[in-house]
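So this one's my_file.cif, mmCIF, C-alpha atoms:
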data_final
loop_
_atom_site.group_PDB
_atom_site.id
_atom_site.type_symbol
_atom_site.label_atom_id
_atom_site.label_comp_id
_atom_site.auth_asym_id
_atom_site.auth_seq_id
_atom_site.Cartn_x
_atom_site.Cartn_y
_atom_site.Cartn_z
ATOM 1 C CA MET G 1 1.046 348.343 119.756
ATOM 2 C CA ASN G 2 1.840 352.049 119.714
ATOM 3 C CA ASP G 3 4.907 353.316 117.850
ATOM 4 C CA HIS G 4 6.133 355.268 120.799
ATOM 5 C CA GLU G 5 6.637 352.019 122.719
ATOM 6 C CA ASN G 6 9.505 351.051 120.291
ATOM 7 C CA ILE G 7 11.404 354.265 120.781
ATOM 8 C CA PRO G 8 14.384 353.700 123.192
ATOM 9 C CA LYS G 9 14.306 355.695 126.314
ATOM 10 C CA LYS G 10 16.935 358.358 127.016
ATOM 11 C CA GLY G 11 18.270 356.505 130.072
ATOM 12 C CA ASP G 12 18.787 353.306 128.116
ATOM 13 C CA ILE G 13 20.817 355.142 125.498
ATOM 14 C CA MET G 14 23.041 356.693 128.137
ATOM 15 C CA ASN G 15 23.637 353.332 129.820
ATOM 16 C CA LYS G 16 24.630 351.760 126.531
ATOM 17 C CA ARG G 17 27.017 354.627 125.783
ATOM 18 C CA THR G 18 28.559 354.289 129.239
ATOM 19 C CA LYS G 19 29.068 350.540 128.800
ATOM 20 C CA CYS G 20 30.610 351.051 125.386
ATOM 21 C CA GLY G 21 32.943 353.698 126.739
ATOM 22 C CA THR G 22 34.033 351.450 129.591
ATOM 23 C CA THR G 23 34.657 348.528 127.240
ATOM 24 C CA LEU G 24 36.679 350.727 124.894
ATOM 25 C CA ALA G 25 38.764 352.079 127.763
ATOM 26 C CA LEU G 26 39.532 348.559 129.007
ATOM 27 C CA ALA G 27 40.555 347.488 125.518
ATOM 28 C CA LEU G 28 42.892 350.454 125.166
ATOM 29 C CA CYS G 29 44.490 349.722 128.564
ATOM 30 C CA THR G 30 45.015 346.093 127.583
ATOM 31 C CA LEU G 31 46.711 347.133 124.338
ATOM 32 C CA LEU G 32 48.997 349.556 126.200
ATOM 33 C CA VAL G 33 50.034 346.838 128.706
ATOM 34 C CA LEU G 34 50.753 344.350 125.909
ATOM 35 C CA ALA G 35 52.817 346.931 124.057
ATOM 36 C CA ALA G 36 54.884 347.671 127.170
ATOM 37 C CA CYS G 37 55.521 343.969 127.765
ATOM 38 C CA SER G 38 56.502 343.522 124.133
ATOM 39 C CA LYS G 39 59.069 346.308 124.419
ATOM 40 C CA LYS G 40 60.565 344.708 127.514
ATOM 41 C CA GLU G 41 60.829 341.342 125.791
ATOM 42 C CA GLU G 42 62.421 342.878 122.689
ATOM 43 C CA ALA G 43 65.020 344.809 124.672
ATOM 44 C CA PRO G 44 68.498 343.570 123.602
ATOM 45 C CA ALA G 45 70.333 341.435 126.159
ATOM 46 C CA ALA G 46 73.565 342.732 127.623
ATOM 47 C CA SER G 47 76.563 341.335 125.783
ATOM 48 C CA PRO G 48 78.908 338.972 127.687
ATOM 49 C CA ALA G 49 81.747 341.427 127.204
ATOM 50 C CA ALA G 50 79.768 344.145 128.965
ATOM 51 C CA SER G 51 78.883 341.927 131.944
ATOM 52 C CA GLN G 52 82.336 340.370 132.442
ATOM 53 C CA PRO G 53 85.378 342.423 133.383
ATOM 54 C CA ALA G 54 88.294 342.222 130.978
ATOM 55 C CA ALA G 55 91.262 340.148 132.094
ATOM 56 C CA ALA G 56 94.051 342.200 133.626
ATOM 57 C CA PRO G 57 97.187 342.418 131.480
ATOM 58 C CA ALA G 58 100.081 340.222 132.551
ATOM 59 C CA THR G 59 102.611 341.803 134.894
ATOM 60 C CA PRO G 60 105.932 342.263 133.035
ATOM 61 C CA ILE G 61 108.912 340.179 134.200
ATOM 62 C CA ASP G 62 112.445 341.161 133.226
ATOM 63 C CA PRO G 63 113.897 338.010 131.626
ATOM 64 C CA ALA G 64 117.426 339.202 132.432
ATOM 65 C CA THR G 65 116.763 338.826 136.180
ATOM 66 C CA VAL G 66 114.718 335.625 136.479
ATOM 67 C CA ALA G 67 115.715 332.865 138.891
ATOM 68 C CA THR G 68 115.351 329.066 138.996
ATOM 69 C CA ILE G 69 114.340 326.714 141.797
ATOM 70 C CA ASN G 70 115.073 323.015 141.585
ATOM 71 C CA GLY G 71 115.553 320.034 143.855
ATOM 72 C CA THR G 72 114.690 316.460 144.759
ATOM 73 C CA VAL G 73 111.841 315.088 146.847
ATOM 74 C CA LYS G 74 112.585 311.994 148.948
ATOM 75 C CA PHE G 75 110.529 309.413 150.804
ATOM 76 C CA ASP G 76 111.737 308.920 154.386
ATOM 77 C CA GLY G 77 111.181 305.329 155.442
ATOM 78 C CA THR G 78 110.333 302.007 153.857
ATOM 79 C CA ALA G 79 108.383 302.531 150.685
ATOM 80 C CA PRO G 80 105.043 300.706 150.469
ATOM 81 C CA LYS G 81 104.803 298.034 147.814
ATOM 82 C CA ALA G 82 102.666 299.072 144.871
ATOM 83 C CA ALA G 83 99.370 297.171 144.792
ATOM 84 C CA LYS G 84 98.562 295.193 141.649
ATOM 85 C CA ILE G 85 95.298 296.180 139.991
ATOM 86 C CA ASP G 86 92.923 293.571 138.597
ATOM 87 C CA MET G 87 91.526 294.890 135.317
ATOM 88 C CA SER G 88 89.857 291.643 134.207
ATOM 89 C CA GLN G 89 86.353 293.147 134.450
ATOM 90 C CA ASP G 90 86.960 294.857 131.091
ATOM 91 C CA PRO G 91 88.537 292.875 128.210
ATOM 92 C CA GLY G 92 89.466 296.202 126.606
ATOM 93 C CA CYS G 93 91.917 296.978 129.417
ATOM 94 C CA LYS G 94 95.234 295.465 128.360
ATOM 95 C CA GLY G 95 98.584 295.182 130.114
ATOM 96 C CA THR G 96 99.601 295.378 133.763
ATOM 97 C CA ASN G 97 98.567 298.108 136.162
ATOM 98 C CA GLU G 98 99.703 299.169 139.622
ATOM 99 C CA ALA G 99 98.405 301.725 142.101
ATOM 100 C CA GLU G 100 100.186 305.082 141.822
ATOM 101 C CA ASN G 101 99.192 306.721 145.106
ATOM 102 C CA ILE G 102 102.802 306.526 146.373
ATOM 103 C CA VAL G 103 105.508 305.911 143.755
ATOM 104 C CA VAL G 104 109.025 305.536 145.196
ATOM 105 C CA SER G 105 112.201 304.455 143.435
ATOM 106 C CA GLY G 106 115.481 304.329 145.368
ATOM 107 C CA GLY G 107 114.015 306.683 147.970
ATOM 108 C CA ASP G 108 112.931 309.253 145.342
ATOM 109 C CA LEU G 109 109.269 310.260 145.412
ATOM 110 C CA ALA G 110 107.422 310.829 142.132
ATOM 111 C CA ASN G 111 104.162 312.673 141.442
ATOM 112 C CA VAL G 112 104.653 315.433 144.002
ATOM 113 C CA PHE G 113 103.134 318.732 142.886
ATOM 114 C CA VAL G 114 105.509 321.639 143.614
ATOM 115 C CA TYR G 115 104.375 325.247 143.192
ATOM 116 C CA VAL G 116 104.929 328.816 144.363
ATOM 117 C CA LYS G 117 102.136 329.193 146.888
ATOM 118 C CA ASP G 118 102.811 332.717 148.130
ATOM 119 C CA GLY G 119 105.008 335.728 147.387
ATOM 120 C CA LEU G 120 103.878 336.812 143.928
ATOM 121 C CA GLY G 121 101.602 339.509 145.345
ATOM 122 C CA ASN G 122 99.206 341.035 142.812
ATOM 123 C CA ARG G 123 101.094 339.825 139.755
ATOM 124 C CA THR G 124 98.955 338.495 136.943
ATOM 125 C CA PHE G 125 99.917 336.039 134.217
ATOM 126 C CA ASP G 126 98.674 335.204 130.736
ATOM 127 C CA THR G 127 96.750 331.978 130.340
ATOM 128 C CA PRO G 128 98.799 329.619 128.123
ATOM 129 C CA LYS G 129 97.289 329.094 124.677
ATOM 130 C CA ASP G 130 98.630 325.547 124.341
ATOM 131 C CA PRO G 131 96.523 322.822 126.000
ATOM 132 C CA VAL G 132 97.817 320.265 128.471
ATOM 133 C CA VAL G 133 97.053 316.681 127.461
ATOM 134 C CA LEU G 134 95.535 314.012 129.689
ATOM 135 C CA ASP G 135 95.666 310.606 128.009
ATOM 136 C CA GLN G 136 93.903 307.341 128.827
ATOM 137 C CA LYS G 137 95.929 304.315 127.784
ATOM 138 C CA GLY G 138 96.038 300.829 129.251
ATOM 139 C CA CYS G 139 93.120 301.928 131.440
ATOM 140 C CA GLN G 140 95.417 304.324 133.255
ATOM 141 C CA TYR G 141 95.572 308.109 133.298
ATOM 142 C CA HIS G 142 98.762 309.631 131.893
ATOM 143 C CA PRO G 143 100.083 311.570 133.719
ATOM 144 C CA HIS G 144 98.949 310.651 137.210
ATOM 145 C CA VAL G 145 99.496 314.232 138.470
ATOM 146 C CA MET G 146 99.477 317.327 136.285
ATOM 147 C CA GLY G 147 99.467 321.095 136.679
ATOM 148 C CA VAL G 148 97.436 323.622 134.713
ATOM 149 C CA MET G 149 96.717 327.332 134.984
ATOM 150 C CA THR G 150 93.226 328.678 135.583
ATOM 151 C CA GLY G 151 91.398 328.918 132.263
ATOM 152 C CA GLN G 152 93.928 326.788 130.389
ATOM 153 C CA THR G 153 92.534 324.049 128.159
ATOM 154 C CA VAL G 154 92.843 320.436 129.303
ATOM 155 C CA GLN G 155 92.620 318.100 126.309
ATOM 156 C CA ILE G 156 91.473 314.598 127.288
ATOM 157 C CA LYS G 157 92.161 311.709 124.897
ATOM 158 C CA ASN G 158 91.076 308.075 124.857
ATOM 159 C CA ASP G 159 93.600 305.690 123.299
ATOM 160 C CA ASP G 160 91.900 302.569 124.675
ATOM 161 C CA PRO G 161 89.522 300.210 122.803
ATOM 162 C CA THR G 162 86.947 300.727 125.553
ATOM 163 C CA THR G 163 84.715 303.514 126.796
ATOM 164 C CA HIS G 164 85.870 305.712 129.659
ATOM 165 C CA ASN G 165 83.837 308.039 131.830
ATOM 166 C CA ILE G 166 85.830 311.062 133.010
ATOM 167 C CA HIS G 167 84.558 312.516 136.273
ATOM 168 C CA PRO G 168 86.391 315.300 138.157
ATOM 169 C CA THR G 169 85.131 315.739 141.732
ATOM 170 C CA PRO G 170 86.267 319.253 142.714
ATOM 171 C CA LYS G 171 85.510 321.328 145.803
ATOM 172 C CA ASP G 172 85.837 324.771 144.231
ATOM 173 C CA ASN G 173 85.257 324.178 140.509
ATOM 174 C CA ARG G 174 82.304 322.916 138.479
ATOM 175 C CA GLU G 175 81.813 319.154 138.594
ATOM 176 C CA TRP G 176 81.156 317.303 135.341
ATOM 177 C CA ASN G 177 80.954 313.734 134.132
ATOM 178 C CA GLU G 178 81.333 312.756 130.466
ATOM 179 C CA SER G 179 81.525 309.480 128.592
ATOM 180 C CA GLN G 180 84.240 309.047 125.947
ATOM 181 C CA PRO G 181 83.955 306.072 123.555
ATOM 182 C CA PRO G 182 86.985 304.649 121.708
ATOM 183 C CA SER G 183 88.344 306.737 118.822
ATOM 184 C CA SER G 184 86.108 309.675 119.744
ATOM 185 C CA PRO G 185 87.348 313.281 119.559
ATOM 186 C CA ALA G 186 89.251 314.717 122.488
ATOM 187 C CA ILE G 187 87.227 316.333 125.256
ATOM 188 C CA GLU G 188 88.354 319.882 126.022
ATOM 189 C CA LYS G 189 87.719 321.474 129.412
ATOM 190 C CA ASN G 190 89.143 324.154 131.682
ATOM 191 C CA PHE G 191 88.924 325.076 135.350
ATOM 192 C CA ALA G 192 88.095 328.609 136.456
ATOM 193 C CA ARG G 193 89.283 328.524 140.074
ATOM 194 C CA GLU G 194 92.515 327.634 141.830
ATOM 195 C CA GLU G 195 92.361 324.153 143.357
ATOM 196 C CA VAL G 196 95.362 321.984 144.203
ATOM 197 C CA MET G 197 95.129 318.195 143.757
ATOM 198 C CA LEU G 198 91.649 318.125 142.256
ATOM 199 C CA PRO G 199 90.632 314.427 142.020
ATOM 200 C CA VAL G 200 89.623 312.865 138.693
ATOM 201 C CA LYS G 201 88.198 309.364 138.362
ATOM 202 C CA CYS G 202 86.652 307.066 135.759
ATOM 203 C CA ASN G 203 83.186 305.765 136.601
ATOM 204 C CA GLN G 204 83.686 302.807 134.259
ATOM 205 C CA HIS G 205 86.959 301.688 135.856
ATOM 206 C CA PRO G 206 87.112 302.437 139.611
ATOM 207 C CA TRP G 207 90.886 302.003 139.838
ATOM 208 C CA MET G 208 91.513 304.871 137.409
ATOM 209 C CA LYS G 209 92.402 307.985 139.421
ATOM 210 C CA MET G 210 94.552 311.058 138.863
ATOM 211 C CA TYR G 211 94.914 314.652 140.115
ATOM 212 C CA ILE G 212 94.873 318.024 138.389
ATOM 213 C CA SER G 213 96.360 321.006 140.241
ATOM 214 C CA VAL G 214 94.896 324.320 139.062
ATOM 215 C CA VAL G 215 96.928 327.421 139.948
ATOM 216 C CA LYS G 216 96.990 331.095 138.972
ATOM 217 C CA ASN G 217 100.698 331.291 138.117
ATOM 218 C CA PRO G 218 103.034 329.360 135.811
ATOM 219 C CA PHE G 219 105.555 328.509 138.540
ATOM 220 C CA TYR G 220 104.870 324.845 139.205
ATOM 221 C CA ALA G 221 106.241 321.393 138.430
ATOM 222 C CA VAL G 222 105.640 317.694 139.146
ATOM 223 C CA THR G 223 108.446 315.461 140.371
ATOM 224 C CA ASP G 224 109.528 312.743 137.936
ATOM 225 C CA LYS G 225 110.473 309.147 138.761
ATOM 226 C CA SER G 226 113.806 310.347 140.139
ATOM 227 C CA GLY G 227 112.020 312.776 142.473
ATOM 228 C CA LYS G 228 113.373 315.814 140.629
ATOM 229 C CA TYR G 229 111.607 319.047 139.723
ATOM 230 C CA GLU G 230 112.558 322.443 138.267
ATOM 231 C CA ILE G 231 110.750 325.801 138.199
ATOM 232 C CA LYS G 232 112.179 328.459 135.866
ATOM 233 C CA GLY G 233 111.505 332.117 135.092
ATOM 234 C CA LEU G 234 110.756 333.194 138.665
ATOM 235 C CA PRO G 235 111.198 336.913 139.393
ATOM 236 C CA PRO G 236 113.557 337.680 142.320
ATOM 237 C CA GLY G 237 111.774 337.736 145.678
ATOM 238 C CA ASP G 238 110.699 335.948 148.845
ATOM 239 C CA TYR G 239 108.416 332.974 148.339
ATOM 240 C CA THR G 240 106.621 330.072 149.964
ATOM 241 C CA VAL G 241 107.061 326.894 147.955
ATOM 242 C CA ALA G 242 104.553 324.096 148.588
ATOM 243 C CA PHE G 243 105.149 320.374 148.049
ATOM 244 C CA VAL G 244 101.879 318.409 147.842
ATOM 245 C CA GLN G 245 101.455 314.622 147.724
ATOM 246 C CA GLU G 246 98.053 312.978 147.374
ATOM 247 C CA LYS G 247 98.431 310.672 150.410
ATOM 248 C CA LEU G 248 101.191 312.327 152.445
ATOM 249 C CA GLY G 249 99.858 315.871 152.552
ATOM 250 C CA GLU G 250 101.644 319.205 152.120
ATOM 251 C CA GLN G 251 105.077 320.504 153.163
ATOM 252 C CA ASP G 252 105.998 324.199 152.791
ATOM 253 C CA GLN G 253 109.371 325.925 152.605
ATOM 254 C CA LYS G 254 110.378 329.604 152.597
ATOM 255 C CA VAL G 255 112.910 330.648 149.979
ATOM 256 C CA THR G 256 114.538 333.869 148.787
ATOM 257 C CA VAL G 257 115.955 334.062 145.281
ATOM 258 C CA GLY G 258 118.002 336.884 143.827
ATOM 259 C CA PRO G 259 118.436 337.947 140.198
ATOM 260 C CA LYS G 260 119.684 335.128 137.958
ATOM 261 C CA GLU G 261 120.067 332.849 140.993
ATOM 262 C CA THR G 262 119.540 329.099 140.892
ATOM 263 C CA LYS G 263 118.595 327.696 144.270
ATOM 264 C CA THR G 264 118.180 324.055 145.242
ATOM 265 C CA ILE G 265 115.350 323.188 147.635
ATOM 266 C CA ASP G 266 115.020 319.541 148.608
ATOM 267 C CA GLN G 267 112.116 318.084 150.538
ATOM 268 C CA SER G 268 111.224 314.772 152.164
ATOM 269 C CA PHE G 269 107.992 313.075 153.191
ATOM 270 C CA LYS G 270 107.566 310.484 155.909
ATOM 271 C CA ALA G 271 105.193 307.573 155.684
ATOM 272 C CA ALA G 272 101.704 308.480 156.853
ATOM 273 C CA ALA G 273 100.850 307.310 160.365
ATOM 274 C CA GLU G 274 98.674 304.201 160.424
#

What would the structure in this file look like if it were written as structure tokens?
Amino acid sequence: MNDHENIPKKGDIMNKRTKCGTTLALALCTLLVLAACSKKEEAPAASPAASQPAAAPATPIDPATVATINGTVKFDGTAPKAAKIDMSQDPGCKGTNEAENIVVSGGDLANVFVYVKDGLGNRTFDTPKDPVVLDQKGCQYHPHVMGVMTGQTVQIKNDDPTTHNIHPTPKDNREWNESQPPSSPAIEKNFAREEVMLPVKCNQHPWMKMYISVVKNPFYAVTDKSGKYEIKGLPPGDYTVAFVQEKLGEQDQKVTVGPKETKTIDQSFKAAAE
């Protein structure tokens, strides 16, 4: 064989150089793309404070001018007899239990949620730092109806020797469902949106039901066994006061209160039509 046959041709050398150049260019492009992606991934996430607007400061109220609303809520008609609840399915449920959907004593209606529904305009209020407590004892919720402000902590306790399963079923807030064994720590939750008479049940014990009313202002109350309620610290003005009962619906009243005035507003509910 002749030596000149082993010498690479000029065209072959050029082709090899071209291929090498192309390969090198592709490698460089790949490195640049990976570097760009890496920078995007390493970019710091926006802090929660930057993405969420700060809460508006509370509107000042002159304590020297505040008014009070109070009154009694009555049941018009023959009160239904409270149904006895059979709790024998769970040996850990002790004591007697009755349905609390309509609680009447001497014509006075308990567990009515009363709140200022309209008239506060653009006023804002601080969220209370103290929690409201919802207890489970005797396989009943205590209280049966409670009020809480948006964002306020609800502290749920279990004083029974059995497991409960707390399950709010809201329309406007986030639904959740959590088990709570005996002697376990309290569950702490809050509700971000206004929602009146939000139902809460226990999946373990179907008779256990209660209602949480979530509102944006502190002007609310729940009638006691004597049907009485009281709302203090209200700035003078024209308001709509709502009375809400879980089975009997809502009744509204207009009221005007002046500085330092105490005004009595009574309300009555009739039995629901069959």

Report the closest atom pair, with its distance in Å rounded to one decimal, for each residue of region 98-216 of chain G that has an atom no farther than 10 Å from region 69-91 of chain G; count only C-alpha atoms, sort by chain and then rising residue number, and write it as JSON lines.
{"residue": "G:Glu98", "atom": "CA", "partner": "G:Lys84", "partner_atom": "CA", "distance": 4.6}
{"residue": "G:Ala99", "atom": "CA", "partner": "G:Ala83", "partner_atom": "CA", "distance": 5.4}
{"residue": "G:Glu100", "atom": "CA", "partner": "G:Ala82", "partner_atom": "CA", "distance": 7.2}
{"residue": "G:Asn101", "atom": "CA", "partner": "G:Ala82", "partner_atom": "CA", "distance": 8.4}
{"residue": "G:Ile102", "atom": "CA", "partner": "G:Pro80", "partner_atom": "CA", "distance": 7.5}
{"residue": "G:Val103", "atom": "CA", "partner": "G:Ala82", "partner_atom": "CA", "distance": 7.5}
{"residue": "G:Val104", "atom": "CA", "partner": "G:Ala79", "partner_atom": "CA", "distance": 6.3}
{"residue": "G:Ser105", "atom": "CA", "partner": "G:Ala79", "partner_atom": "CA", "distance": 8.4}
{"residue": "G:Gly106", "atom": "CA", "partner": "G:Phe75", "partner_atom": "CA", "distance": 8.9}
{"residue": "G:Gly107", "atom": "CA", "partner": "G:Phe75", "partner_atom": "CA", "distance": 5.3}
{"residue": "G:Asp108", "atom": "CA", "partner": "G:Lys74", "partner_atom": "CA", "distance": 4.5}
{"residue": "G:Leu109", "atom": "CA", "partner": "G:Lys74", "partner_atom": "CA", "distance": 5.1}
{"residue": "G:Ala110", "atom": "CA", "partner": "G:Val73", "partner_atom": "CA", "distance": 7.7}
{"residue": "G:Asn111", "atom": "CA", "partner": "G:Val73", "partner_atom": "CA", "distance": 9.7}
{"residue": "G:Val112", "atom": "CA", "partner": "G:Val73", "partner_atom": "CA", "distance": 7.7}
{"residue": "G:Val114", "atom": "CA", "partner": "G:Val73", "partner_atom": "CA", "distance": 9.7}
{"residue": "G:Val116", "atom": "CA", "partner": "G:Ile69", "partner_atom": "CA", "distance": 10.0}
{"residue": "G:Gly138", "atom": "CA", "partner": "G:Met87", "partner_atom": "CA", "distance": 9.6}
{"residue": "G:Cys139", "atom": "CA", "partner": "G:Met87", "partner_atom": "CA", "distance": 8.2}
{"residue": "G:Pro161", "atom": "CA", "partner": "G:Pro91", "partner_atom": "CA", "distance": 9.2}
{"residue": "G:Thr162", "atom": "CA", "partner": "G:Asp90", "partner_atom": "CA", "distance": 8.1}
{"residue": "G:Thr163", "atom": "CA", "partner": "G:Asp90", "partner_atom": "CA", "distance": 9.9}
{"residue": "G:Gln204", "atom": "CA", "partner": "G:Asp90", "partner_atom": "CA", "distance": 9.2}
{"residue": "G:His205", "atom": "CA", "partner": "G:Met87", "partner_atom": "CA", "distance": 8.2}
{"residue": "G:Pro206", "atom": "CA", "partner": "G:Met87", "partner_atom": "CA", "distance": 9.7}
{"residue": "G:Trp207", "atom": "CA", "partner": "G:Ile85", "partner_atom": "CA", "distance": 7.3}
{"residue": "G:Met208", "atom": "CA", "partner": "G:Ile85", "partner_atom": "CA", "distance": 9.8}

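Minimum atom-to-atom distance to Val133 (chain G), evaluated using all atoms listed in the file, belongs to G:Gly147 out of G:Gly121, G:Gly147, G:Gly227, G:Gly92.
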
Inset, instruction - Tell me, in Å to one decimal, how far CA of Met146 (chain G) is from CA of Asp172 (chain G). - result: 17.5 Å

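Here CA of Glu195 (chain G) is placed at a distance of 14.7 Å from CA of Phe219 (chain G).
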
For Ile156 (chain G), find every residue with an atom within 9 Å (counting all atoms listed in the file), except residues of its own chain fewer than 2 positions away, and show them as a compact mmCIF listing (two decimals) with C-alpha atoms, in the coordinates of the input.
# COMPACT_ATOMS: atom_id res chain seq x y z
CA VAL G 132 97.82 320.26 128.47
CA VAL G 133 97.05 316.68 127.46
CA LEU G 134 95.54 314.01 129.69
CA ASP G 135 95.67 310.61 128.01
CA GLN G 136 93.90 307.34 128.83
CA VAL G 154 92.84 320.44 129.30
CA ASN G 158 91.08 308.08 124.86
CA ILE G 166 85.83 311.06 133.01
CA PRO G 185 87.35 313.28 119.56
CA ALA G 186 89.25 314.72 122.49
CA ILE G 187 87.23 316.33 125.26
CA GLU G 188 88.35 319.88 126.02
CA LYS G 189 87.72 321.47 129.41

Legend entry - Straight-line distance linking CA of Val145 (chain G) with CA of Pro236 (chain G), stated in Å to one decimal: 27.6 Å
